[in-house]
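Peer 1: Structure supplied as work-v3.pdb; contents: PDB, C-alpha atoms.
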```pdb
ATOM      1  CA  MET T 203      54.497 -31.023  -5.175
ATOM      2  CA  ALA T 204      57.709 -31.623  -7.067
ATOM      3  CA  LEU T 205      58.620 -32.324 -10.660
ATOM      4  CA  GLU T 206      59.772 -35.860 -11.360
ATOM      5  CA  ASP T 207      63.258 -35.165 -12.565
ATOM      6  CA  ASN T 208      66.764 -36.293 -13.331
ATOM      7  CA  ALA T 209      69.744 -34.983 -11.393
ATOM      8  CA  ALA T 210      70.446 -31.354 -12.197
ATOM      9  CA  GLU T 211      73.793 -30.159 -13.519
ATOM     10  CA  GLU T 212      74.889 -26.662 -12.528
ATOM     11  CA  LEU T 213      75.797 -24.514 -15.526
ATOM     12  CA  SER T 214      76.925 -20.848 -15.666
ATOM     13  CA  GLY T 215      74.925 -19.664 -12.636
ATOM     14  CA  ILE T 216      71.786 -21.444 -13.734
ATOM     15  CA  VAL T 217      70.959 -25.140 -13.634
ATOM     16  CA  ARG T 218      70.574 -27.487 -16.557
ATOM     17  CA  SER T 219      68.165 -30.285 -15.726
ATOM     18  CA  GLY T 220      67.825 -32.819 -18.536
ATOM     19  CA  ARG T 221      66.267 -30.986 -21.476
ATOM     20  CA  ASP T 222      65.316 -27.990 -19.300
ATOM     21  CA  ILE T 223      67.040 -24.952 -17.880
ATOM     22  CA  LEU T 224      66.034 -24.333 -14.294
ATOM     23  CA  CYS T 225      66.112 -21.252 -12.071
ATOM     24  CA  ILE T 226      65.420 -21.369  -8.324
ATOM     25  CA  PHE T 227      65.073 -18.356  -6.048
ATOM     26  CA  LYS T 228      63.341 -17.700  -2.748
ATOM     27  CA  ALA T 229      60.436 -15.303  -2.354
ATOM     28  CA  MET T 230      57.255 -15.209  -0.274
ATOM     29  CA  ALA T 231      59.062 -17.446   2.249
ATOM     30  CA  THR T 232      59.072 -20.324  -0.228
ATOM     31  CA  PRO T 233      61.322 -21.802  -2.938
ATOM     32  CA  CYS T 234      60.318 -20.570  -6.395
ATOM     33  CA  GLU T 235      61.202 -22.643  -9.443
ATOM     34  CA  VAL T 236      61.036 -21.720 -13.121
ATOM     35  CA  ARG T 237      61.669 -24.595 -15.522
ATOM     36  CA  LEU T 238      62.030 -23.762 -19.227
ATOM     37  CA  GLU T 239      62.383 -26.343 -21.990
ATOM     38  CA  THR T 240      65.108 -24.722 -24.071
ATOM     39  CA  SER T 241      68.836 -24.862 -24.729
ATOM     40  CA  ASP T 242      69.066 -21.078 -25.124
ATOM     41  CA  GLU T 243      70.693 -19.793 -21.934
ATOM     42  CA  ALA T 244      70.288 -16.127 -22.881
ATOM     43  CA  LEU T 245      66.575 -16.633 -23.450
ATOM     44  CA  ALA T 246      66.249 -18.509 -20.175
ATOM     45  CA  SER T 247      68.052 -15.756 -18.273
ATOM     46  CA  GLY T 248      65.655 -13.153 -19.663
ATOM     47  CA  VAL T 249      62.657 -15.225 -18.621
ATOM     48  CA  PHE T 250      64.067 -15.826 -15.146
ATOM     49  CA  GLU T 251      64.789 -12.145 -14.576
ATOM     50  CA  ALA T 252      61.259 -11.151 -15.620
ATOM     51  CA  VAL T 253      59.642 -13.807 -13.422
ATOM     52  CA  GLU T 254      61.699 -12.963 -10.347
ATOM     53  CA  ALA T 255      61.112  -9.230 -10.774
ATOM     54  CA  GLU T 256      57.341  -9.705 -11.030
ATOM     55  CA  THR T 257      57.284 -12.077  -8.059
ATOM     56  CA  ARG T 258      59.209  -9.670  -5.873
ATOM     57  CA  ARG T 259      56.951  -6.806  -6.949
ATOM     58  CA  ILE T 260      53.912  -8.740  -5.753
ATOM     59  CA  GLU T 261      55.656  -9.785  -2.543
ATOM     60  CA  GLN T 262      56.635  -6.220  -1.716
ATOM     61  CA  LYS T 263      53.197  -4.901  -2.536
ATOM     62  CA  TYR T 264      51.204  -7.408  -0.483
ATOM     63  CA  SER T 265      53.510  -8.646   2.298
ATOM     64  CA  ARG T 266      52.137  -8.041   5.767
ATOM     65  CA  TYR T 267      55.747  -7.933   7.002
ATOM     66  CA  ARG T 268      56.546  -4.715   5.113
ATOM     67  CA  ALA T 269      55.406  -1.442   6.645
ATOM     68  CA  ASP T 270      55.244   0.120   3.169
ATOM     69  CA  SER T 271      53.016  -2.573   1.608
ATOM     70  CA  VAL T 272      49.429  -2.025   0.486
ATOM     71  CA  ILE T 273      48.272  -4.564   3.067
ATOM     72  CA  SER T 274      50.049  -2.775   5.921
ATOM     73  CA  ARG T 275      48.600   0.545   4.807
ATOM     74  CA  ILE T 276      45.073  -0.884   4.813
ATOM     75  CA  ASN T 277      45.576  -2.574   8.198
ATOM     76  CA  ALA T 278      46.968   0.590   9.781
ATOM     77  CA  ALA T 279      44.089   2.817   8.648
ATOM     78  CA  ALA T 280      42.264   2.402  11.997
ATOM     79  CA  GLY T 281      38.734   2.611  10.696
ATOM     80  CA  GLU T 282      39.399   5.076   7.882
ATOM     81  CA  ALA T 283      38.632   4.260   4.244
ATOM     82  CA  THR T 284      41.709   3.318   2.196
ATOM     83  CA  PRO T 285      41.655   3.836  -1.588
ATOM     84  CA  VAL T 286      43.168   0.947  -3.551
ATOM     85  CA  ASP T 287      44.512   0.471  -7.075
ATOM     86  CA  PRO T 288      42.817  -1.761  -9.705
ATOM     87  CA  GLU T 289      45.092  -4.757  -9.058
ATOM     88  CA  THR T 290      44.335  -4.733  -5.333
ATOM     89  CA  ALA T 291      40.638  -4.213  -6.081
ATOM     90  CA  MET T 292      40.689  -7.317  -8.274
ATOM     91  CA  LEU T 293      42.202  -9.413  -5.471
ATOM     92  CA  LEU T 294      39.696  -8.028  -2.968
ATOM     93  CA  ASP T 295      36.835  -8.857  -5.345
ATOM     94  CA  PHE T 296      38.229 -12.376  -5.770
ATOM     95  CA  SER T 297      38.527 -12.797  -2.002
ATOM     96  CA  ALA T 298      34.974 -11.579  -1.494
ATOM     97  CA  GLN T 299      33.792 -14.092  -4.093
ATOM     98  CA  CYS T 300      35.657 -16.887  -2.273
ATOM     99  CA  TYR T 301      34.031 -15.812   1.005
ATOM    100  CA  ALA T 302      30.566 -16.056  -0.535
ATOM    101  CA  LEU T 303      31.193 -19.339  -2.376
ATOM    102  CA  SER T 304      32.623 -21.002   0.740
ATOM    103  CA  ASP T 305      29.761 -20.062   3.078
ATOM    104  CA  ARG T 306      32.059 -17.609   4.913
ATOM    105  CA  LEU T 307      34.887 -20.123   5.419
ATOM    106  CA  PHE T 308      37.456 -18.517   3.091
ATOM    107  CA  ASP T 309      38.019 -15.262   4.955
ATOM    108  CA  ILE T 310      41.017 -12.965   4.422
ATOM    109  CA  THR T 311      40.393 -11.295   7.800
ATOM    110  CA  SER T 312      41.166 -14.538   9.668
ATOM    111  CA  GLY T 313      44.951 -14.185   9.456
ATOM    112  CA  ILE T 314      44.893 -12.256  12.721
ATOM    113  CA  LEU T 315      44.311 -15.581  14.478
ATOM    114  CA  ARG T 316      48.056 -16.213  14.075
ATOM    115  CA  ARG T 317      48.443 -14.062  17.188
ATOM    116  CA  VAL T 318      47.291 -16.997  19.310
ATOM    117  CA  TRP T 319      48.112 -19.994  17.085
ATOM    118  CA  LYS T 320      51.739 -21.058  16.560
ATOM    119  CA  PHE T 321      51.890 -24.187  14.407
ATOM    120  CA  ASP T 322      55.379 -25.330  15.329
ATOM    121  CA  GLY T 323      54.773 -29.043  15.879
ATOM    122  CA  SER T 324      54.522 -28.627  19.646
ATOM    123  CA  ASP T 325      51.586 -29.380  21.971
ATOM    124  CA  ARG T 326      50.937 -25.763  22.986
ATOM    125  CA  LEU T 327      47.309 -24.863  22.318
ATOM    126  CA  PRO T 328      45.879 -21.406  22.990
ATOM    127  CA  SER T 329      43.129 -21.008  25.556
ATOM    128  CA  LYS T 330      39.518 -20.729  24.476
ATOM    129  CA  ALA T 331      39.450 -17.241  25.970
ATOM    130  CA  ASP T 332      42.444 -16.129  23.912
ATOM    131  CA  VAL T 333      40.895 -17.474  20.705
ATOM    132  CA  SER T 334      37.556 -15.824  21.454
ATOM    133  CA  ALA T 335      39.232 -12.483  22.099
ATOM    134  CA  VAL T 336      40.924 -12.466  18.699
ATOM    135  CA  LEU T 337      37.884 -13.912  16.923
ATOM    136  CA  ALA T 338      36.074 -10.648  17.598
ATOM    137  CA  TYR T 339      38.273  -9.091  14.890
ATOM    138  CA  VAL T 340      37.498 -11.753  12.260
ATOM    139  CA  GLY T 341      34.758 -11.577   9.644
ATOM    140  CA  TRP T 342      34.708 -10.230   6.094
ATOM    141  CA  LYS T 343      31.072  -9.205   6.674
ATOM    142  CA  LYS T 344      32.404  -6.528   9.059
ATOM    143  CA  VAL T 345      34.480  -4.975   6.261
ATOM    144  CA  VAL T 346      33.166  -2.132   4.131
ATOM    145  CA  TRP T 347      34.364  -2.839   0.597
ATOM    146  CA  GLU T 348      33.150  -0.341  -1.964
ATOM    147  CA  LYS T 349      34.811  -0.254  -5.349
ATOM    148  CA  GLN T 350      38.282   1.274  -5.017
ATOM    149  CA  ALA T 351      38.077   1.828  -1.217
ATOM    150  CA  ILE T 352      38.135  -0.515   1.786
ATOM    151  CA  THR T 353      37.406   0.215   5.442
ATOM    152  CA  LEU T 354      38.337  -2.119   8.294
ATOM    153  CA  ARG T 355      37.091  -1.752  11.831
ATOM    154  CA  PRO T 356      39.852  -0.717  14.247
ATOM    155  CA  GLY T 357      41.913  -3.748  15.215
ATOM    156  CA  MET T 358      40.967  -5.785  12.159
ATOM    157  CA  GLU T 359      43.440  -6.907   9.492
ATOM    158  CA  ILE T 360      43.370  -8.465   6.061
ATOM    159  CA  ASP T 361      45.986 -10.850   4.736
ATOM    160  CA  PHE T 362      46.433 -12.054   1.145
ATOM    161  CA  GLY T 363      48.366 -15.120   2.325
ATOM    162  CA  GLY T 364      45.706 -17.366   0.815
ATOM    163  CA  VAL T 365      45.842 -15.808  -2.656
ATOM    164  CA  ALA T 366      49.103 -13.890  -3.204
ATOM    165  CA  LYS T 367      51.365 -16.850  -4.002
ATOM    166  CA  GLU T 368      48.858 -18.334  -6.423
ATOM    167  CA  TYR T 369      48.358 -14.946  -8.050
ATOM    168  CA  ALA T 370      52.129 -14.573  -8.358
ATOM    169  CA  VAL T 371      52.375 -17.888 -10.223
ATOM    170  CA  ASP T 372      49.703 -16.787 -12.672
ATOM    171  CA  ARG T 373      51.353 -13.415 -13.200
ATOM    172  CA  ALA T 374      54.801 -14.982 -13.559
ATOM    173  CA  LEU T 375      53.563 -17.303 -16.290
ATOM    174  CA  ALA T 376      51.861 -14.409 -18.079
ATOM    175  CA  MET T 377      55.114 -12.436 -18.039
ATOM    176  CA  ALA T 378      57.197 -15.394 -19.202
ATOM    177  CA  THR T 379      54.923 -16.350 -22.093
ATOM    178  CA  GLN T 380      55.177 -12.803 -23.425
ATOM    179  CA  ILE T 381      58.903 -13.450 -23.859
ATOM    180  CA  THR T 382      58.856 -16.958 -25.331
ATOM    181  CA  PRO T 383      56.446 -19.712 -26.409
ATOM    182  CA  ALA T 384      58.866 -22.353 -25.082
ATOM    183  CA  PRO T 385      57.223 -24.895 -22.758
ATOM    184  CA  MET T 386      57.626 -23.980 -19.118
ATOM    185  CA  LEU T 387      56.556 -24.899 -15.609
ATOM    186  CA  ILE T 388      56.451 -22.395 -12.753
ATOM    187  CA  ASN T 389      56.324 -23.830  -9.249
ATOM    188  CA  PHE T 390      56.159 -21.678  -6.112
ATOM    189  CA  GLY T 391      56.258 -23.888  -3.047
ATOM    190  CA  GLY T 392      54.156 -26.628  -4.608
ATOM    191  CA  ASP T 393      51.643 -24.334  -6.317
ATOM    192  CA  LEU T 394      52.402 -24.609 -10.009
ATOM    193  CA  ARG T 395      51.231 -23.843 -13.511
ATOM    194  CA  VAL T 396      52.413 -24.954 -16.937
ATOM    195  CA  SER T 397      52.248 -23.082 -20.235
ATOM    196  CA  GLY T 398      51.299 -26.181 -22.221
ATOM    197  CA  PRO T 399      52.714 -29.601 -23.069
ATOM    198  CA  ARG T 400      56.384 -30.250 -23.675
ATOM    199  CA  GLN T 401      57.834 -29.787 -27.163
ATOM    200  CA  ASP T 402      57.245 -33.453 -28.028
ATOM    201  CA  GLY T 403      53.640 -33.250 -26.837
ATOM    202  CA  ALA T 404      54.321 -35.085 -23.583
ATOM    203  CA  ARG T 405      52.718 -34.003 -20.330
ATOM    204  CA  TRP T 406      54.682 -32.665 -17.389
ATOM    205  CA  LYS T 407      54.976 -35.210 -14.581
ATOM    206  CA  VAL T 408      54.436 -33.866 -11.086
ATOM    207  CA  ALA T 409      54.778 -35.828  -7.850
ATOM    208  CA  ILE T 410      52.248 -35.443  -5.031
ATOM    209  CA  GLU T 411      54.242 -35.624  -1.824
ATOM    210  CA  SER T 412      53.283 -38.004   0.942
ATOM    211  CA  VAL T 413      51.838 -36.540   4.147
ATOM    212  CA  ASP T 414      53.845 -38.876   6.372
ATOM    213  CA  LYS T 415      57.305 -38.200   7.777
ATOM    214  CA  SER T 416      59.084 -40.207   5.078
ATOM    215  CA  GLY T 417      58.717 -37.384   2.584
ATOM    216  CA  GLY T 418      58.034 -39.905  -0.142
ATOM    217  CA  MET T 419      55.716 -39.706  -3.122
ATOM    218  CA  GLU T 420      51.983 -40.308  -2.754
ATOM    219  CA  GLY T 421      51.328 -40.362  -6.480
ATOM    220  CA  LEU T 422      52.211 -38.941  -9.870
ATOM    221  CA  VAL T 423      50.071 -36.469 -11.813
ATOM    222  CA  GLU T 424      50.516 -35.684 -15.499
ATOM    223  CA  ILE T 425      49.544 -32.194 -16.615
ATOM    224  CA  ALA T 426      49.624 -30.584 -20.066
ATOM    225  CA  GLN T 427      47.818 -27.331 -19.324
ATOM    226  CA  GLY T 428      46.720 -25.274 -16.348
ATOM    227  CA  ALA T 429      47.620 -25.380 -12.669
ATOM    228  CA  LEU T 430      47.948 -27.630  -9.637
ATOM    229  CA  THR T 431      47.863 -26.510  -6.006
ATOM    230  CA  THR T 432      47.990 -28.422  -2.745
ATOM    231  CA  SER T 433      46.589 -27.429   0.642
ATOM    232  CA  GLY T 434      47.255 -29.419   3.791
ATOM    233  CA  ASP T 435      48.920 -29.749   7.190
ATOM    234  CA  ALA T 436      51.998 -31.864   6.389
ATOM    235  CA  ARG T 437      54.436 -29.236   7.710
ATOM    236  CA  ARG T 438      52.463 -26.904   9.989
ATOM    237  CA  PHE T 439      50.502 -28.422  12.851
ATOM    238  CA  LEU T 440      50.216 -28.959  16.597
ATOM    239  CA  LEU T 441      49.950 -32.346  18.283
ATOM    240  CA  LYS T 442      48.417 -32.742  21.748
ATOM    241  CA  ASP T 443      47.167 -35.902  23.444
ATOM    242  CA  GLY T 444      47.267 -37.762  20.153
ATOM    243  CA  VAL T 445      45.118 -35.152  18.362
ATOM    244  CA  ARG T 446      46.622 -33.358  15.356
ATOM    245  CA  TYR T 447      45.650 -29.707  14.852
ATOM    246  CA  GLY T 448      46.258 -28.536  11.285
ATOM    247  CA  HIS T 449      47.142 -24.922  10.495
ATOM    248  CA  ILE T 450      44.055 -24.149   8.411
ATOM    249  CA  LEU T 451      41.619 -22.447  10.768
ATOM    250  CA  ASN T 452      37.848 -22.209  10.654
ATOM    251  CA  PRO T 453      37.205 -18.440  10.772
ATOM    252  CA  LYS T 454      33.790 -19.032  12.337
ATOM    253  CA  THR T 455      35.241 -20.784  15.402
ATOM    254  CA  GLY T 456      38.877 -19.686  15.446
ATOM    255  CA  TRP T 457      39.959 -23.323  15.783
ATOM    256  CA  PRO T 458      41.515 -25.748  13.271
ATOM    257  CA  VAL T 459      39.095 -27.367  10.862
ATOM    258  CA  GLU T 460      37.769 -30.637  12.279
ATOM    259  CA  ASP T 461      38.012 -33.889  10.295
ATOM    260  CA  ALA T 462      39.933 -32.161   7.516
ATOM    261  CA  PRO T 463      41.921 -34.149   4.932
ATOM    262  CA  ARG T 464      45.665 -34.149   5.467
ATOM    263  CA  SER T 465      46.151 -32.923   1.912
ATOM    264  CA  VAL T 466      44.048 -31.801  -1.059
ATOM    265  CA  THR T 467      45.522 -31.286  -4.540
ATOM    266  CA  VAL T 468      43.378 -29.634  -7.207
ATOM    267  CA  ALA T 469      43.850 -29.101 -10.945
ATOM    268  CA  ALA T 470      42.304 -26.006 -12.521
ATOM    269  CA  ALA T 471      42.874 -23.499 -15.318
ATOM    270  CA  THR T 472      44.722 -21.006 -13.086
ATOM    271  CA  CYS T 473      46.607 -21.150  -9.810
ATOM    272  CA  LEU T 474      44.158 -18.718  -8.221
ATOM    273  CA  GLU T 475      41.240 -20.983  -9.083
ATOM    274  CA  ALA T 476      43.034 -24.172  -8.005
ATOM    275  CA  GLY T 477      44.244 -22.610  -4.746
ATOM    276  CA  MET T 478      40.798 -21.326  -3.868
ATOM    277  CA  THR T 479      39.296 -24.766  -4.479
ATOM    278  CA  SER T 480      41.913 -26.764  -2.561
ATOM    279  CA  THR T 481      41.724 -24.417   0.424
ATOM    280  CA  ILE T 482      37.931 -24.403   0.504
ATOM    281  CA  ALA T 483      37.962 -28.204   0.279
ATOM    282  CA  ILE T 484      40.129 -28.400   3.413
ATOM    283  CA  LEU T 485      37.797 -25.937   5.140
ATOM    284  CA  GLN T 486      34.887 -28.305   4.430
ATOM    285  CA  GLY T 487      36.370 -30.847   6.858
ATOM    286  CA  LYS T 488      34.655 -34.218   6.565
ATOM    287  CA  LYS T 489      32.647 -32.925   3.614
ATOM    288  CA  ALA T 490      35.757 -32.209   1.511
ATOM    289  CA  GLU T 491      35.296 -35.080  -0.937
ATOM    290  CA  ARG T 492      31.637 -34.237  -1.404
ATOM    291  CA  PHE T 493      32.538 -30.617  -2.142
ATOM    292  CA  LEU T 494      35.184 -31.580  -4.700
ATOM    293  CA  LYS T 495      32.797 -33.972  -6.441
ATOM    294  CA  ARG T 496      30.120 -31.290  -6.591
ATOM    295  CA  GLU T 497      32.601 -28.819  -8.070
ATOM    296  CA  GLY T 498      33.520 -31.354 -10.765
ATOM    297  CA  VAL T 499      37.278 -30.719 -10.545
ATOM    298  CA  ARG T 500      40.236 -33.090 -10.874
ATOM    299  CA  ALA T 501      41.357 -33.547  -7.297
ATOM    300  CA  TRP T 502      43.342 -35.857  -5.042
ATOM    301  CA  CYS T 503      42.333 -36.017  -1.390
ATOM    302  CA  ILE T 504      44.577 -37.715   1.202
ATOM    303  CA  ARG T 505      43.425 -38.531   4.731
TER     304      ARG T 505
END
```
Any chance you could put this one into structure tokens?
Peer 2:
Amino acid sequence: MALEDNAAEELSGIVRSGRDILCIFKAMATPCEVRLETSDEALASGVFEAVEAETRRIEQKYSRYRADSVISRINAAAGEATPVDPETAMLLDFSAQCYALSDRLFDITSGILRRVWKFDGSDRLPSKADVSAVLAYVGWKKVVWEKQAITLRPGMEIDFGGVAKEYAVDRALAMATQITPAPMLINFGGDLRVSGPRQDGARWKVAIESVDKSGGMEGLVEIAQGALTTSGDARRFLLKDGVRYGHILNPKTGWPVEDAPRSVTVAAATCLEAGMTSTIAILQGKKAERFLKREGVRAWCIR
């Protein structure tokens, strides 16, 4: 998703964009945007510094690519119990709740399937034997999670890839609103949250990107409060014999979800809640629309 916007004018190391001041940095392998409706550059700089610092703290703490991260420490424990801090316990509790609500489809142990799946747009599919071999290490039900300590079976891993970015958006907004009540929008790779309406009461206008190669706009959403997230396969997929294999995998089978929408966008109070719902909707496959209707959320489903 992208904000409908006028051309930006670079100003003193930051960017002025119409009535906003904009900061863009890269973290969690995605562009991160903070848009603040103010003319006060000093204020904006303070907000941007706080947001980037908090985002990088979360990235360092939960990145599976860092040997010193909490996730790496848990994954390297080889069957031993690993004590965790309250923040990590909260994210584990949230992930366990998602697992239960999704009928075991939202599973933070399924990231290990990336060992056999490379969604690079090619036609190279893994063998059924390779998928089955890795699938033996998937399943939250195999994890022992007791308050403040987690134990994985040897060879298993957890990955907060499905929650960390959304959590970072929520935390970034919380940090920023402690500094200023100025209207703002925080957008990390299409997962975004706003602090409230603009100063004149207008809603923020956010474009839903098309899933086709044109990169155009599928629609325009107006939002005054809360968050929007999008899940889909527009950029990460395989294509073989005319069949498209999206990157969201069914942890029960180890294979891409069948009959899944190309894209699901969900509005909710927080990014964590919206991200959970959009991801679970994709995991429902052909039942995605039915799931979204049952949940009673504002959602846009593209097939």
Peer 1: In Å, rounded to a single decimal, give me how far atom CA of Ser312 of chain T is from atom CA of Ala476 of chain T.
Peer 2: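 Result for atom CA of Ala476 of chain T versus atom CA of Ser312 of chain T: 20.2 Å, one decimal.
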Peer 1: Can you spell out as a ChimeraX atom specification the set of residues that the PyMOL selection byres ((chain T and resi 296-311) around 8) selects in the structure I just provided?
Peer 2: /T:292-295,312-314,339-342,358-365,452-454,478,481-482,485
Peer 1: When the PyMOL selection byres ((chain T and resi 278) around 10) is applied to the file above, which residues end up in the set, as a PyMOL selection string?
Peer 2: chain T and resi 269+272-277+279-282+284+354+356-359
Peer 1: In Å, how far is it from atom CA of Ala351 of chain T to atom CA of Ser271 of chain T?
Peer 2: 15.8 Å
Peer 1: Under the rule that all atoms listed in the file are counted, which of T:Glu368, T:Asp322, T:Asp414, T:Glu424 is the nearest residue to Tyr447 of chain T?
Peer 2: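 Under the stated criterion, the closest residue is T:Asp322.
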Peer 1: Expand the PyMOL selection byres ((chain T and resi 375) around 8) into the individual residues it matches in the shown file, reporting them as a list in words.
Peer 2: Val253, Val371, Asp372, Arg373, Ala374, Ala376, Met377, Ala378, Thr379, Ile388, Arg395, Val396 and Ser397 of chain T
Peer 1: Which value, in Å to one decimal, gives the distance between atom CA of Arg492 of chain T and atom CA of Phe321 of chain T?
Peer 2: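 Those two atoms sit 27.6 Å apart.
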Peer 1: With distances taken over all atoms listed in the file, which of T:Val286, T:Leu441, T:Ala366, T:Ile410 is nearest to Ser324 of chain T?
Peer 2: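 Nearest candidate to Ser324 of chain T out of T:Val286, T:Leu441, T:Ala366, T:Ile410: T:Leu441.
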Peer 1: May I have the protein, DNA and RNA residues with any atom at most 10 Å from the point (50.8, -24.7, 13.8), counting all atoms listed in the file, written as a list in words?
Peer 2: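 Using all atoms listed in the file, the matching residues come out as Arg316, Trp319, Lys320, Phe321, Asp322, Gly323, Ser324, Asp325, Arg326, Leu327, Asp435, Arg437, Arg438, Phe439, Leu440, Leu441, Arg446, Tyr447, Gly448, His449, Ile450, Leu451 and Pro458 of chain T.
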Peer 1: I need the residue nearest Asn389 of chain T from this list: T:Val318, T:Val413, T:Cys225, T:Leu422. Use all atoms listed in the file for the distance.
Peer 2: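 Distance minimum relative to Asn389 of chain T lands on T:Cys225.
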Peer 1: Hey, which of T:Glu475, T:Asp270, T:Glu420, T:Asp402 ends up closest to Glu239 of chain T? Count all atoms listed in the file.
Peer 2: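 Checking each of T:Glu475, T:Asp270, T:Glu420, T:Asp402 against Glu239 of chain T, counting all atoms listed in the file, the winner is T:Asp402.
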Peer 1: Go through T:Ile484, T:Val336, T:Val499, T:Ala229 and flag the residue nearest Ser265 of chain T, using all atoms listed in the file for the distances.
Peer 2: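 Selected residue with least distance to Ser265 of chain T: T:Ala229.
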Peer 1: Pick out the residues sitting within 9 Å of Leu430 of chain T, and hand them over as a ChimeraX atom specification; count all atoms listed in the file, and ignore anything fewer than 3 positions along from it in its own chain.
Peer 2: /T:203,392-396,425,467-473,476-477
Peer 1: With only C-alpha atoms as the atoms that count, which of T:Cys234, T:Tyr264, T:Val459, T:Val217 lies nearest to Leu387 of chain T?
Peer 2: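 Of all the options, T:Cys234 lies closest to Leu387 of chain T.
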Peer 1: Could you work out an axis-aligned bounding box for all listed atoms of segment 221-240 of chain T, with 5 Å added on each of the six sides, and give its centre and edge lengths in Å to one decimal, as lines of an AutoDock Vina configuration file?
Peer 2:
```
center_x = 62.1
center_y = -23.1
center_z = -10.9
size_x = 19.8
size_y = 25.8
size_z = 36.3
```
Peer 1: So that I can see what lies close to Arg237 of chain T, please list as number ranges by chain the residues with an atom at most 6 Å from it, counting all atoms listed in the file and leaving out residues fewer than 3 positions away in the same chain.
Peer 2: T: 223-224, 386-387
Peer 1: Which residues are near Ser241 of chain T? Cut-off 12 Å, all atoms listed in the file, ignore same chain within fewer than 4 positions. Put them as a list of chain:residue names.
Peer 2: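 Neighbouring residues, sequence-local ones excluded: T:Leu213, T:Ile216, T:Val217, T:Arg218, T:Ser219, T:Gly220, T:Arg221, T:Asp222, T:Ile223, T:Leu224, T:Arg237, T:Leu245, T:Ala246, T:Ser247, T:Ala384, T:Pro385.
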Peer 1: Using all atoms listed in the file, which protein or nucleic acid residues come within 12 Å of Ala490 of chain T? Drop anything in the same chain fewer than 5 positions from it, and give the result as a count of residues only.
Peer 2: 27
